>>> print(open('entry_34.tsv').read())   # TSV, C-alpha atoms
chain	number	residue	atom	x	y	z
F	1	MET	CA	-57.35	29.52	-27.81
F	2	LYS	CA	-58.62	32.96	-28.69
F	3	ALA	CA	-58.79	33.87	-25.00
F	4	LEU	CA	-55.18	32.70	-24.52
F	5	PHE	CA	-53.98	34.89	-27.38
F	6	ALA	CA	-55.89	37.83	-25.90
F	7	LEU	CA	-54.22	37.24	-22.54
F	8	LEU	CA	-50.75	37.03	-24.11
F	9	LYS	CA	-51.45	40.19	-26.06
F	10	ASP	CA	-52.40	41.96	-22.83
F	11	TYR	CA	-49.13	40.96	-21.18
F	12	TRP	CA	-47.14	41.93	-24.26
F	13	GLY	CA	-48.78	45.33	-24.05
F	14	ILE	CA	-47.69	45.71	-20.40
F	15	LEU	CA	-44.13	44.67	-21.27
F	16	ARG	CA	-43.91	47.11	-24.17
F	17	ARG	CA	-45.26	50.11	-22.31
F	18	PRO	CA	-42.71	52.32	-20.51
F	19	SER	CA	-42.91	52.19	-16.74
F	20	VAL	CA	-45.09	54.92	-15.30
F	21	TYR	CA	-44.52	54.66	-11.53
F	22	PHE	CA	-40.98	53.19	-11.17
F	23	SER	CA	-37.81	55.10	-11.94
F	24	LEU	CA	-35.25	53.79	-14.37
F	25	GLY	CA	-32.72	53.57	-11.50
F	26	PHE	CA	-35.08	51.41	-9.42
F	27	LEU	CA	-35.79	49.13	-12.35
F	28	THR	CA	-32.15	48.64	-13.34
F	29	LEU	CA	-30.84	48.27	-9.79
F	30	GLY	CA	-33.81	46.15	-8.79
F	31	GLY	CA	-33.34	43.99	-11.84
F	32	PHE	CA	-29.64	43.63	-11.03
F	33	ILE	CA	-30.28	42.58	-7.44
F	34	ALA	CA	-33.11	40.26	-8.40
F	35	GLY	CA	-30.78	38.77	-11.00
F	36	ILE	CA	-28.12	38.05	-8.40
F	37	ILE	CA	-30.68	36.42	-6.09
F	38	PHE	CA	-32.19	34.30	-8.84
F	39	TRP	CA	-28.85	33.31	-10.30
F	40	GLY	CA	-27.32	32.56	-6.93
F	41	GLY	CA	-30.41	30.68	-5.84
F	42	PHE	CA	-30.43	28.65	-9.01
F	43	ASN	CA	-26.81	27.66	-8.68
F	44	THR	CA	-27.14	26.94	-4.98
F	45	ALA	CA	-30.09	24.66	-5.64
F	46	LEU	CA	-28.16	23.04	-8.48
F	47	GLU	CA	-25.17	22.40	-6.24
F	48	LEU	CA	-27.42	20.87	-3.60
F	49	THR	CA	-28.27	18.15	-6.11
F	50	ASN	CA	-24.54	17.72	-6.70
F	51	THR	CA	-23.63	16.14	-3.40
F	52	GLU	CA	-22.96	12.62	-2.19
F	53	LYS	CA	-25.67	13.16	0.40
F	54	PHE	CA	-28.25	13.97	-2.24
F	55	CYS	CA	-27.27	11.02	-4.46
F	56	THR	CA	-27.41	8.53	-1.62
F	57	SER	CA	-30.73	9.82	-0.33
F	58	CYS	CA	-32.35	7.40	-2.79
F	59	HIS	CA	-32.10	3.71	-1.99
F	60	GLU	CA	-31.34	2.89	-5.64
F	61	MET	CA	-27.99	4.62	-5.33
F	62	ARG	CA	-27.34	3.99	-1.64
F	63	ASP	CA	-27.90	0.23	-1.70
F	64	ASN	CA	-26.35	-0.59	-5.07
F	65	VAL	CA	-23.64	1.60	-6.47
F	66	PHE	CA	-22.68	3.53	-3.34
F	67	VAL	CA	-21.96	0.35	-1.40
F	68	GLU	CA	-19.61	-0.76	-4.15
F	69	LEU	CA	-17.82	2.57	-4.24
F	70	GLN	CA	-17.03	2.35	-0.55
F	71	GLU	CA	-14.42	-0.36	-0.91
F	72	THR	CA	-12.53	1.36	-3.71
F	73	ILE	CA	-9.59	3.74	-3.57
F	74	HIS	CA	-11.75	6.59	-4.79
F	75	TYR	CA	-13.73	6.49	-1.56
F	76	THR	CA	-11.08	5.95	1.08
F	77	ASN	CA	-7.32	6.10	0.81
F	78	ARG	CA	-4.17	7.08	2.66
F	79	SER	CA	-4.33	10.78	1.80
F	80	GLY	CA	-8.03	11.30	2.51
F	81	VAL	CA	-9.07	12.58	-0.90
F	82	ARG	CA	-12.49	11.39	-2.00
F	83	ALA	CA	-14.12	11.45	-5.37
F	84	SER	CA	-17.80	11.56	-4.50
F	85	CYS	CA	-20.61	10.70	-6.94
F	86	PRO	CA	-20.86	14.04	-8.83
F	87	ASP	CA	-17.08	14.35	-9.20
F	88	CYS	CA	-17.20	11.60	-11.80
F	89	HIS	CA	-20.81	11.63	-12.95
F	90	VAL	CA	-21.46	15.35	-13.37
F	91	PRO	CA	-19.18	17.60	-15.44
F	92	HIS	CA	-17.62	20.40	-13.44
F	93	GLU	CA	-17.72	23.00	-16.18
F	94	TRP	CA	-20.97	24.96	-16.16
F	95	THR	CA	-22.22	24.46	-19.75
F	96	HIS	CA	-21.51	20.72	-19.72
F	97	LYS	CA	-23.00	20.49	-16.25
F	98	ILE	CA	-26.28	22.05	-17.36
F	99	ALA	CA	-26.39	19.72	-20.37
F	100	ARG	CA	-25.87	16.70	-18.12
F	101	LYS	CA	-28.42	17.99	-15.62
F	102	MET	CA	-31.00	18.26	-18.39
F	103	GLN	CA	-30.25	14.68	-19.42
F	104	ALA	CA	-30.73	13.71	-15.80
F	105	SER	CA	-34.41	14.53	-16.07
F	106	LYS	CA	-34.63	11.01	-17.54
F	107	GLU	CA	-33.24	9.77	-14.23
F	108	VAL	CA	-35.98	11.62	-12.35
F	109	TRP	CA	-38.46	9.82	-14.60
F	110	GLY	CA	-36.76	6.53	-13.72
F	111	LYS	CA	-37.00	7.31	-10.03
F	112	LEU	CA	-40.69	8.25	-10.24
F	113	PHE	CA	-41.61	5.10	-12.13
F	114	GLY	CA	-39.30	2.77	-10.23
F	115	THR	CA	-37.17	1.65	-13.17
F	116	ILE	CA	-34.49	0.24	-10.87
F	117	ASP	CA	-36.30	0.21	-7.54
F	118	THR	CA	-35.35	-3.39	-6.77
F	119	ARG	CA	-31.99	-5.11	-6.83
F	120	ASP	CA	-33.12	-7.46	-9.61
F	121	LYS	CA	-34.33	-4.61	-11.79
F	122	PHE	CA	-31.05	-2.82	-11.21
F	123	LEU	CA	-28.95	-5.85	-12.09
F	124	SER	CA	-30.87	-6.55	-15.26
F	125	LEU	CA	-30.39	-2.93	-16.40
F	126	ARG	CA	-26.82	-2.67	-15.17
F	127	ARG	CA	-25.12	-3.37	-18.51
F	128	GLU	CA	-27.21	-0.71	-20.25
F	129	LEU	CA	-26.58	1.87	-17.52
F	130	ALA	CA	-22.87	1.12	-17.52
F	131	GLU	CA	-22.73	1.45	-21.30
F	132	HIS	CA	-24.25	4.92	-21.04
F	133	GLU	CA	-21.45	6.01	-18.73
F	134	TRP	CA	-18.74	4.33	-20.84
F	135	ALA	CA	-20.11	6.04	-23.93
F	136	ARG	CA	-20.24	9.41	-22.18
F	137	LEU	CA	-16.66	9.18	-20.93
F	138	LYS	CA	-15.41	7.83	-24.24
F	139	ALA	CA	-17.07	10.69	-26.09
F	140	ASN	CA	-15.69	13.44	-23.86
F	141	ASP	CA	-12.20	11.89	-23.60
F	142	SER	CA	-12.73	10.95	-19.95
F	143	ARG	CA	-13.15	14.56	-18.97
F	144	GLU	CA	-14.35	13.79	-15.46
F	145	CYS	CA	-11.31	11.57	-14.78
F	146	ARG	CA	-9.06	14.34	-15.99
F	147	ASN	CA	-10.51	16.84	-13.51
F	148	CYS	CA	-8.12	15.20	-11.06
F	149	HIS	CA	-5.85	12.96	-13.13
F	150	ASN	CA	-4.06	15.30	-15.50
F	151	PHE	CA	-1.94	13.53	-18.10
F	152	GLU	CA	0.52	16.43	-18.14
F	153	PHE	CA	1.15	16.00	-14.43
F	154	MET	CA	1.82	12.25	-14.54
F	155	ASP	CA	5.27	11.11	-13.43
F	156	PHE	CA	5.91	7.92	-15.36
F	157	THR	CA	8.94	7.13	-13.21
F	158	ARG	CA	6.64	6.78	-10.21
F	159	GLN	CA	4.24	4.48	-12.02
F	160	SER	CA	4.63	0.75	-12.26
F	161	LYS	CA	6.31	-0.44	-15.41
F	162	ARG	CA	3.08	-1.68	-16.95
F	163	ALA	CA	1.23	1.53	-16.19
F	164	ALA	CA	4.01	3.72	-17.56
F	165	ALA	CA	4.19	1.64	-20.74
F	166	MET	CA	0.48	2.02	-21.38
F	167	HIS	CA	0.20	5.69	-20.40
F	168	SER	CA	3.23	6.82	-22.38
F	169	THR	CA	2.02	5.15	-25.56
F	170	SER	CA	-1.70	4.65	-26.06
F	171	LEU	CA	-2.89	7.41	-23.75
F	172	ALA	CA	-0.21	9.88	-24.87
F	173	LYS	CA	-1.06	9.35	-28.53
F	174	GLY	CA	-4.74	9.75	-27.83
F	175	GLU	CA	-5.49	6.27	-29.14
F	176	ALA	CA	-7.11	5.38	-25.87
F	177	THR	CA	-8.74	7.31	-23.10
F	178	CYS	CA	-8.96	6.47	-19.40
F	179	ILE	CA	-12.25	4.58	-19.58
F	180	ASP	CA	-10.97	2.23	-22.29
F	181	CYS	CA	-8.88	0.37	-19.73
F	182	HIS	CA	-10.19	1.56	-16.38
F	183	LYS	CA	-13.73	0.24	-16.45
F	184	GLY	CA	-15.21	-0.85	-13.15
F	185	ILE	CA	-12.76	1.04	-10.95
F	186	ALA	CA	-15.47	2.53	-8.79
F	187	HIS	CA	-18.34	0.09	-9.18
F	188	LYS	CA	-18.80	-3.59	-9.93
F	189	LEU	CA	-18.99	-4.51	-13.58
F	190	PRO	CA	-22.02	-5.90	-15.39
F	191	ASP	CA	-21.77	-8.98	-17.59
F	192	MET	CA	-18.79	-8.04	-19.76
F	193	SER	CA	-19.29	-10.53	-22.56
F	194	GLY	CA	-18.66	-8.81	-25.87
F	195	VAL	CA	-17.09	-5.68	-24.41
F	196	LYS	CA	-13.92	-4.74	-26.28
F	197	GLY	CA	-10.81	-5.69	-24.36
F	198	TRP	CA	-12.58	-8.14	-22.06
R	1	MET	CA	-31.80	-50.90	56.50
R	2	THR	CA	-30.01	-50.13	53.28
R	3	PHE	CA	-28.42	-46.76	52.73
R	4	ARG	CA	-28.77	-45.59	49.17
R	5	ILE	CA	-26.65	-42.90	47.64
R	6	PRO	CA	-28.45	-41.04	44.85
R	7	PRO	CA	-26.51	-41.67	41.61
R	8	LEU	CA	-26.55	-38.00	40.65
R	9	PHE	CA	-24.97	-37.03	43.94
R	10	LEU	CA	-22.26	-39.62	43.40
R	11	LEU	CA	-21.55	-38.25	39.95
R	12	ALA	CA	-21.29	-34.71	41.26
R	13	VAL	CA	-18.81	-35.74	43.95
R	14	MET	CA	-16.70	-37.67	41.45
R	15	GLY	CA	-16.80	-34.76	39.05
R	16	THR	CA	-15.55	-32.37	41.68
R	17	PHE	CA	-12.62	-34.62	42.58
R	18	LEU	CA	-11.76	-35.22	38.94
R	19	GLY	CA	-11.86	-31.53	38.12
R	20	ALA	CA	-9.63	-30.69	41.06
R	21	ALA	CA	-7.22	-33.43	40.01
R	22	ILE	CA	-6.96	-32.05	36.47
R	23	ALA	CA	-6.54	-28.48	37.62
R	24	ALA	CA	-3.74	-29.49	39.92
R	25	GLY	CA	-2.19	-32.01	37.59
R	26	VAL	CA	-1.31	-30.01	34.47
R	27	ASP	CA	2.41	-29.77	34.00
R	28	TYR	CA	2.30	-27.32	31.05
R	29	PRO	CA	1.56	-23.60	31.21
R	30	LEU	CA	-2.05	-22.86	30.25
R	31	ASP	CA	-0.90	-19.48	29.02
R	32	ALA	CA	1.57	-20.78	26.46
R	33	PRO	CA	3.99	-18.47	24.70
R	34	GLY	CA	2.85	-17.44	21.23
R	35	PRO	CA	4.63	-18.70	18.13
R	36	ASP	CA	7.56	-16.47	17.47
R	37	GLY	CA	7.14	-15.63	13.81
R	38	ARG	CA	3.65	-14.27	13.73
R	39	ARG	CA	3.57	-12.66	17.16
R	40	PRO	CA	6.97	-12.17	18.74
R	41	GLY	CA	6.85	-12.23	22.54
R	42	GLY	CA	3.68	-12.43	24.58
R	43	THR	CA	1.47	-15.42	25.19
R	44	LEU	CA	-1.49	-16.90	23.36
R	45	THR	CA	-4.03	-15.14	25.53
R	46	GLN	CA	-2.48	-11.69	25.25
R	47	ASN	CA	-3.68	-9.30	22.60
R	48	ALA	CA	-0.72	-7.95	20.71
R	49	PRO	CA	-1.18	-4.87	18.53
R	50	ALA	CA	-1.87	-5.84	14.93
R	51	PRO	CA	1.11	-5.54	12.61
R	52	PRO	CA	0.82	-2.84	9.95
R	53	LEU	CA	-0.64	-3.97	6.63
R	54	ALA	CA	2.01	-4.52	4.00
R	55	ASP	CA	1.74	-3.37	0.41
R	56	ASP	CA	1.58	-5.78	-2.49
R	57	GLU	CA	4.92	-6.09	-4.20
R	58	ASN	CA	4.41	-4.21	-7.45
R	59	LYS	CA	7.68	-4.47	-9.34
R	60	ASP	CA	6.49	-6.33	-12.44
R	61	LEU	CA	9.49	-8.63	-12.17
R	62	LYS	CA	8.77	-12.31	-12.69
R	63	ARG	CA	9.80	-14.40	-9.70
R	64	GLU	CA	11.55	-17.73	-9.88
R	65	ARG	CA	9.31	-20.75	-9.44
R	66	ASN	CA	10.43	-23.16	-6.77
R	67	TYR	CA	9.45	-26.16	-8.88
R	68	PRO	CA	8.38	-26.41	-12.50
R	69	ASP	CA	4.65	-26.73	-12.00
R	70	GLN	CA	4.32	-24.11	-9.30
R	71	PRO	CA	1.64	-21.59	-10.26
R	72	PRO	CA	3.66	-18.42	-10.81
R	73	THR	CA	3.03	-15.70	-8.25
R	74	ILE	CA	1.60	-12.38	-9.43
R	75	PRO	CA	4.34	-9.72	-9.62
R	76	HIS	CA	1.95	-6.79	-9.38
R	77	SER	CA	-0.86	-5.43	-7.25
R	78	ILE	CA	-4.35	-6.73	-8.02
R	79	ARG	CA	-6.34	-4.42	-5.77
R	80	GLY	CA	-9.94	-4.16	-6.91
R	81	TYR	CA	-9.60	-6.71	-9.72
R	82	GLN	CA	-13.01	-8.21	-10.36
R	83	ILE	CA	-13.16	-11.93	-11.02
R	84	ASP	CA	-16.70	-13.24	-11.12
R	85	LYS	CA	-19.28	-14.50	-13.57
R	86	ASN	CA	-19.58	-11.04	-15.09
R	87	GLY	CA	-15.97	-10.53	-15.97
R	88	ASN	CA	-12.35	-11.35	-15.25
R	89	LYS	CA	-10.01	-8.38	-15.01
R	90	CYS	CA	-6.91	-10.58	-15.21
R	91	LEU	CA	-7.95	-11.95	-18.59
R	92	SER	CA	-8.27	-8.45	-20.00
R	93	CYS	CA	-4.47	-8.56	-20.23
R	94	HIS	CA	-3.44	-12.21	-19.84
R	95	SER	CA	-5.87	-14.01	-22.12
R	96	ARG	CA	-4.71	-15.42	-25.45
R	97	ALA	CA	-6.44	-12.67	-27.41
R	98	ASN	CA	-5.38	-9.78	-25.20
R	99	SER	CA	-1.77	-10.61	-24.35
R	100	PRO	CA	-0.21	-9.23	-27.57
R	101	ARG	CA	-1.78	-5.85	-26.93
R	102	SER	CA	-0.83	-5.71	-23.27
R	103	GLN	CA	2.46	-7.65	-23.63
R	104	ALA	CA	1.49	-9.53	-20.50
R	105	THR	CA	2.33	-13.20	-20.15
R	106	MET	CA	-0.34	-15.33	-21.79
R	107	ILE	CA	-1.92	-17.81	-19.43
R	108	SER	CA	-0.73	-21.34	-20.08
R	109	ILE	CA	-2.42	-23.39	-22.77
R	110	THR	CA	-3.54	-25.84	-20.08
R	111	HIS	CA	-6.00	-23.16	-18.97
R	112	TYR	CA	-7.82	-23.58	-22.26
R	113	MET	CA	-8.28	-27.33	-21.82
R	114	ASP	CA	-10.91	-29.33	-20.10
R	115	ARG	CA	-9.95	-32.11	-17.76
R	116	ASP	CA	-9.64	-34.56	-20.64
R	117	GLY	CA	-7.12	-32.35	-22.43
R	118	GLN	CA	-9.58	-31.19	-25.07
R	119	ALA	CA	-8.90	-27.64	-26.24
R	120	LEU	CA	-11.64	-25.10	-25.59
R	121	ALA	CA	-12.38	-21.75	-27.20
R	122	ALA	CA	-12.29	-19.85	-23.94
R	123	VAL	CA	-10.70	-20.29	-20.54
R	124	SER	CA	-11.89	-23.47	-18.90
R	125	PRO	CA	-14.32	-22.80	-16.07
R	126	ARG	CA	-12.15	-24.83	-13.70
R	127	ARG	CA	-9.24	-22.46	-14.42
R	128	TYR	CA	-11.26	-19.26	-14.41
R	129	PHE	CA	-10.67	-18.07	-10.86
R	130	CYS	CA	-7.06	-16.97	-11.15
R	131	ASN	CA	-6.28	-16.38	-7.50
R	132	GLN	CA	-7.22	-19.85	-6.46
R	133	CYS	CA	-3.65	-20.63	-7.51
R	134	HIS	CA	-1.94	-17.34	-8.40
R	135	VAL	CA	-1.44	-14.82	-5.63
R	136	PRO	CA	0.39	-11.52	-5.26
R	137	GLN	CA	3.16	-11.29	-2.69
R	138	LYS	CA	3.50	-8.83	0.16
R	139	ASP	CA	6.63	-6.79	0.63
R	140	VAL	CA	7.50	-8.46	3.96
R	141	LEU	CA	9.97	-10.97	5.35
R	142	PRO	CA	8.58	-14.51	5.75
R	143	LEU	CA	7.06	-15.08	9.17
R	144	VAL	CA	8.76	-18.42	9.69
R	145	GLY	CA	12.01	-19.80	8.38
R	146	ASN	CA	12.08	-22.32	5.57
R	147	SER	CA	14.79	-24.74	4.60
R	148	PHE	CA	13.32	-25.62	1.21
R	149	GLU	CA	15.89	-26.06	-1.54
R	150	THR	CA	15.11	-26.15	-5.24
R	151	ILE	CA	16.07	-29.21	-7.24
R	152	ASP	CA	18.68	-27.13	-9.05
R	153	LYS	CA	20.39	-26.32	-5.79
R	154	ILE	CA	20.41	-29.97	-4.78
R	155	LEU	CA	21.83	-31.07	-8.13
R	156	GLN	CA	24.43	-28.32	-8.00
R	157	ASP	CA	25.49	-29.31	-4.50
R	158	ASP	CA	25.69	-32.93	-5.66
R	159	ALA	CA	27.92	-31.98	-8.54
R	160	ASN	CA	30.15	-29.85	-6.32
R	161	ASN	CA	30.52	-32.62	-3.77
R	162	ALA	CA	31.23	-35.36	-6.28
R	163	LYS	CA	34.73	-36.70	-6.04
R	164	LYS	CA	36.96	-35.67	-8.84
R	165	PRO	CA	38.11	-38.71	-10.82
>>> encode(input="entry_34.tsv", output="structure tokens")
Amino acid sequence: MKALFALLKDYWGILRRPSVYFSLGFLTLGGFIAGIIFWGGFNTALELTNTEKFCTSCHEMRDNVFVELQETIHYTNRSGVRASCPDCHVPHEWTHKIARKMQASKEVWGKLFGTIDTRDKFLSLRRELAEHEWARLKANDSRECRNCHNFEFMDFTRQSKRAAAMHSTSLAKGEATCIDCHKGIAHKLPDMSGVKGW
Amino acid sequence: MTFRIPPLFLLAVMGTFLGAAIAAGVDYPLDAPGPDGRRPGGTLTQNAPAPPLADDENKDLKRERNYPDQPPTIPHSIRGYQIDKNGNKCLSCHSRANSPRSQATMISITHYMDRDGQALAAVSPRRYFCNQCHVPQKDVLPLVGNSFETIDKILQDDANNAKKP
């Protein structure tokens, strides 16, 4: 412990001392460029983990949830727009994204220890996993839905009567958010006994 | 000396003659014309291009039932609705408890009865799978004609044709 403190003290001394050999210009410019490289590299690496390809590189995702997504309208449709995994499951805004990415370290843990590495394990955990996502979307007012589906841009006259009735009342008043009614639109549902509205 | 014909040889000869007789004897075209409604023109062996998929009719307007106990057809699209042991999307609007909130038609009380007419707390398992009886309709013309008349039409015609006293 004493040796560690001595080491830290040494480094603190180096940091405190003014540079002897490098000019101020080199240090500021160098720091600026290094900053760009680190920052860019960090974000590039982060975005690499934000792709459908990355998500489906694990069999847990590819063989369970990804298969189910493929038959839904969010995967294939007449206009060729696709919501891939991170569009719904990772916030787009940077601060929220970093927060979610830090939470995802639990998912890395799950992967390492095989929490859902068989179909049976996945099915028995499915309700819990789904509830996490419902809770997340309920808490942030379905922010990830609203990245594409903006309430302000909805044309009620082009919606079916039922949809317009619901959207112009409950959703407009903020009593309900997307996930309250639209559960299981992209994946199969777990046992829904006891879920409100089911 | 007896001359024996092997039975197998005999069978083969008979088979050949029989086959030839059938091939020559058919008086109907083997390549029959296809039924007109589903595939206009062409014959049964021709591959016609598939007709375009039609959309579900999604007008939310209740349709008339042809007879009183006809299961009503679904007047909206049900794409992606999950109905399995985990959940029933239809019941999230049409069940007894949920219909006031959604203002959807409540499923009939018979769906809450067992086969002996005893009331149950939840939907009877034998009535659980909605689209065994209730189906959405496509926005297309019927493939084949139909001369079905409802009982109301028949009664009305009867009344119209009755001689005035």
>>> atom_distance(input="entry_34.tsv", atom1="atom CA of F:Asn43", atom2="atom CA of F:Trp94")
9.9 Å
>>> atom_distance(input="entry_34.tsv", atom1="atom CA of R:Pro68", atom2="atom CA of R:Ala97")
25.1 Å
>>> residues_around(input="entry_34.tsv", residues="R:Ala121", least_positions_apart="3", cutoff="10 Å", atoms="all atoms listed in the file", output="list of chain:residue names")
R:Tyr112, R:Met113, R:Ser124
>>> closest_residue(input="entry_34.tsv", among="R:Tyr67, R:Tyr81, R:Phe148, R:Phe129", to="chain F", atoms="all atoms listed in the file")
R:Tyr81
>>> atom_distance(input="entry_34.tsv", atom1="atom CA of R:Gly87", atom2="atom CA of F:Lys183")
11.0 Å
>>> interface_residues(input="entry_34.tsv", of="chain R", to="chain F", cutoff="7 Å", atoms="all atoms listed in the file", output="ChimeraX atom specification")
/R:58-60,80,86-87,91-92,98
>>> residues_around(input="entry_34.tsv", residues="R:His134", least_positions_apart="4", cutoff="7 Å", atoms="all atoms listed in the file", output="PyMOL selection string")
chain R and resi 71-74+130
>>> residues_around(input="entry_34.tsv", residues="stretch 113-119 of chain F", least_positions_apart="2", cutoff="12 Å", atoms="only C-alpha atoms", output="PyMOL selection string")
chain F and resi 58-65+106-111+121-126+128-129
>>> decode(input="entry_34.tsv", residues="stretch 40-63 of chain F", atoms="N, CA and C atoms", output="PDB file, in the first residue's frame")
ATOM      1  N   GLY F  40     -13.265  10.255 -31.418  1.00  0.00           N
ATOM      2  CA  GLY F  40     -13.806   9.617 -32.617  1.00  0.00           C
ATOM      3  C   GLY F  40     -13.746   8.110 -32.505  1.00  0.00           C
ATOM      4  N   GLY F  41     -12.603   7.611 -32.029  1.00  0.00           N
ATOM      5  CA  GLY F  41     -12.438   6.162 -31.894  1.00  0.00           C
ATOM      6  C   GLY F  41     -13.440   5.582 -30.926  1.00  0.00           C
ATOM      7  N   PHE F  42     -13.658   6.296 -29.844  1.00  0.00           N
ATOM      8  CA  PHE F  42     -14.610   5.831 -28.836  1.00  0.00           C
ATOM      9  C   PHE F  42     -16.008   5.735 -29.408  1.00  0.00           C
ATOM     10  N   ASN F  43     -16.409   6.791 -30.110  1.00  0.00           N
ATOM     11  CA  ASN F  43     -17.758   6.795 -30.666  1.00  0.00           C
ATOM     12  C   ASN F  43     -17.919   5.788 -31.793  1.00  0.00           C
ATOM     13  N   THR F  44     -16.837   5.632 -32.591  1.00  0.00           N
ATOM     14  CA  THR F  44     -16.910   4.642 -33.661  1.00  0.00           C
ATOM     15  C   THR F  44     -17.081   3.243 -33.075  1.00  0.00           C
ATOM     16  N   ALA F  45     -16.285   2.952 -32.055  1.00  0.00           N
ATOM     17  CA  ALA F  45     -16.397   1.634 -31.417  1.00  0.00           C
ATOM     18  C   ALA F  45     -17.778   1.459 -30.801  1.00  0.00           C
ATOM     19  N   LEU F  46     -18.300   2.541 -30.221  1.00  0.00           N
ATOM     20  CA  LEU F  46     -19.623   2.485 -29.603  1.00  0.00           C
ATOM     21  C   LEU F  46     -20.688   2.192 -30.660  1.00  0.00           C
ATOM     22  N   GLU F  47     -20.559   2.858 -31.816  1.00  0.00           N
ATOM     23  CA  GLU F  47     -21.550   2.654 -32.870  1.00  0.00           C
ATOM     24  C   GLU F  47     -21.464   1.252 -33.465  1.00  0.00           C
ATOM     25  N   LEU F  48     -20.272   0.675 -33.420  1.00  0.00           N
ATOM     26  CA  LEU F  48     -20.125  -0.691 -33.933  1.00  0.00           C
ATOM     27  C   LEU F  48     -20.958  -1.664 -33.107  1.00  0.00           C
ATOM     28  N   THR F  49     -21.111  -1.365 -31.822  1.00  0.00           N
ATOM     29  CA  THR F  49     -21.933  -2.236 -30.979  1.00  0.00           C
ATOM     30  C   THR F  49     -23.399  -1.848 -31.077  1.00  0.00           C
ATOM     31  N   ASN F  50     -23.703  -0.921 -31.983  1.00  0.00           N
ATOM     32  CA  ASN F  50     -25.072  -0.431 -32.135  1.00  0.00           C
ATOM     33  C   ASN F  50     -25.641  -0.826 -33.485  1.00  0.00           C
ATOM     34  N   THR F  51     -25.311  -2.026 -33.935  1.00  0.00           N
ATOM     35  CA  THR F  51     -25.779  -2.454 -35.240  1.00  0.00           C
ATOM     36  C   THR F  51     -26.499  -3.785 -35.123  1.00  0.00           C
ATOM     37  N   GLU F  52     -27.400  -4.004 -36.073  1.00  0.00           N
ATOM     38  CA  GLU F  52     -28.126  -5.275 -36.138  1.00  0.00           C
ATOM     39  C   GLU F  52     -27.141  -6.437 -36.246  1.00  0.00           C
ATOM     40  N   LYS F  53     -26.064  -6.208 -37.009  1.00  0.00           N
ATOM     41  CA  LYS F  53     -25.075  -7.256 -37.223  1.00  0.00           C
ATOM     42  C   LYS F  53     -24.418  -7.652 -35.898  1.00  0.00           C
ATOM     43  N   PHE F  54     -24.091  -6.643 -35.114  1.00  0.00           N
ATOM     44  CA  PHE F  54     -23.463  -6.927 -33.821  1.00  0.00           C
ATOM     45  C   PHE F  54     -24.430  -7.680 -32.904  1.00  0.00           C
ATOM     46  N   CYS F  55     -25.669  -7.205 -32.832  1.00  0.00           N
ATOM     47  CA  CYS F  55     -26.662  -7.830 -31.934  1.00  0.00           C
ATOM     48  C   CYS F  55     -26.891  -9.288 -32.307  1.00  0.00           C
ATOM     49  N   THR F  56     -26.978  -9.563 -33.616  1.00  0.00           N
ATOM     50  CA  THR F  56     -27.312 -10.915 -34.030  1.00  0.00           C
ATOM     51  C   THR F  56     -26.068 -11.779 -34.176  1.00  0.00           C
ATOM     52  N   SER F  57     -24.922 -11.279 -33.745  1.00  0.00           N
ATOM     53  CA  SER F  57     -23.729 -12.127 -33.792  1.00  0.00           C
ATOM     54  C   SER F  57     -23.745 -13.110 -32.622  1.00  0.00           C
ATOM     55  N   CYS F  58     -24.611 -12.884 -31.643  1.00  0.00           N
ATOM     56  CA  CYS F  58     -24.785 -13.859 -30.559  1.00  0.00           C
ATOM     57  C   CYS F  58     -26.027 -14.699 -30.822  1.00  0.00           C
ATOM     58  N   HIS F  59     -25.919 -16.005 -30.563  1.00  0.00           N
ATOM     59  CA  HIS F  59     -27.052 -16.866 -30.888  1.00  0.00           C
ATOM     60  C   HIS F  59     -28.261 -16.562 -30.008  1.00  0.00           C
ATOM     61  N   GLU F  60     -28.028 -16.013 -28.811  1.00  0.00           N
ATOM     62  CA  GLU F  60     -29.165 -15.692 -27.934  1.00  0.00           C
ATOM     63  C   GLU F  60     -30.126 -14.733 -28.626  1.00  0.00           C
ATOM     64  N   MET F  61     -29.582 -13.748 -29.300  1.00  0.00           N
ATOM     65  CA  MET F  61     -30.411 -12.771 -29.991  1.00  0.00           C
ATOM     66  C   MET F  61     -30.865 -13.307 -31.339  1.00  0.00           C
ATOM     67  N   ARG F  62     -29.928 -13.928 -32.065  1.00  0.00           N
ATOM     68  CA  ARG F  62     -30.221 -14.352 -33.431  1.00  0.00           C
ATOM     69  C   ARG F  62     -31.313 -15.411 -33.466  1.00  0.00           C
ATOM     70  N   ASP F  63     -31.280 -16.365 -32.544  1.00  0.00           N
ATOM     71  CA  ASP F  63     -32.198 -17.498 -32.626  1.00  0.00           C
ATOM     72  C   ASP F  63     -33.500 -17.279 -31.871  1.00  0.00           C
TER      73      ASP F  63
END
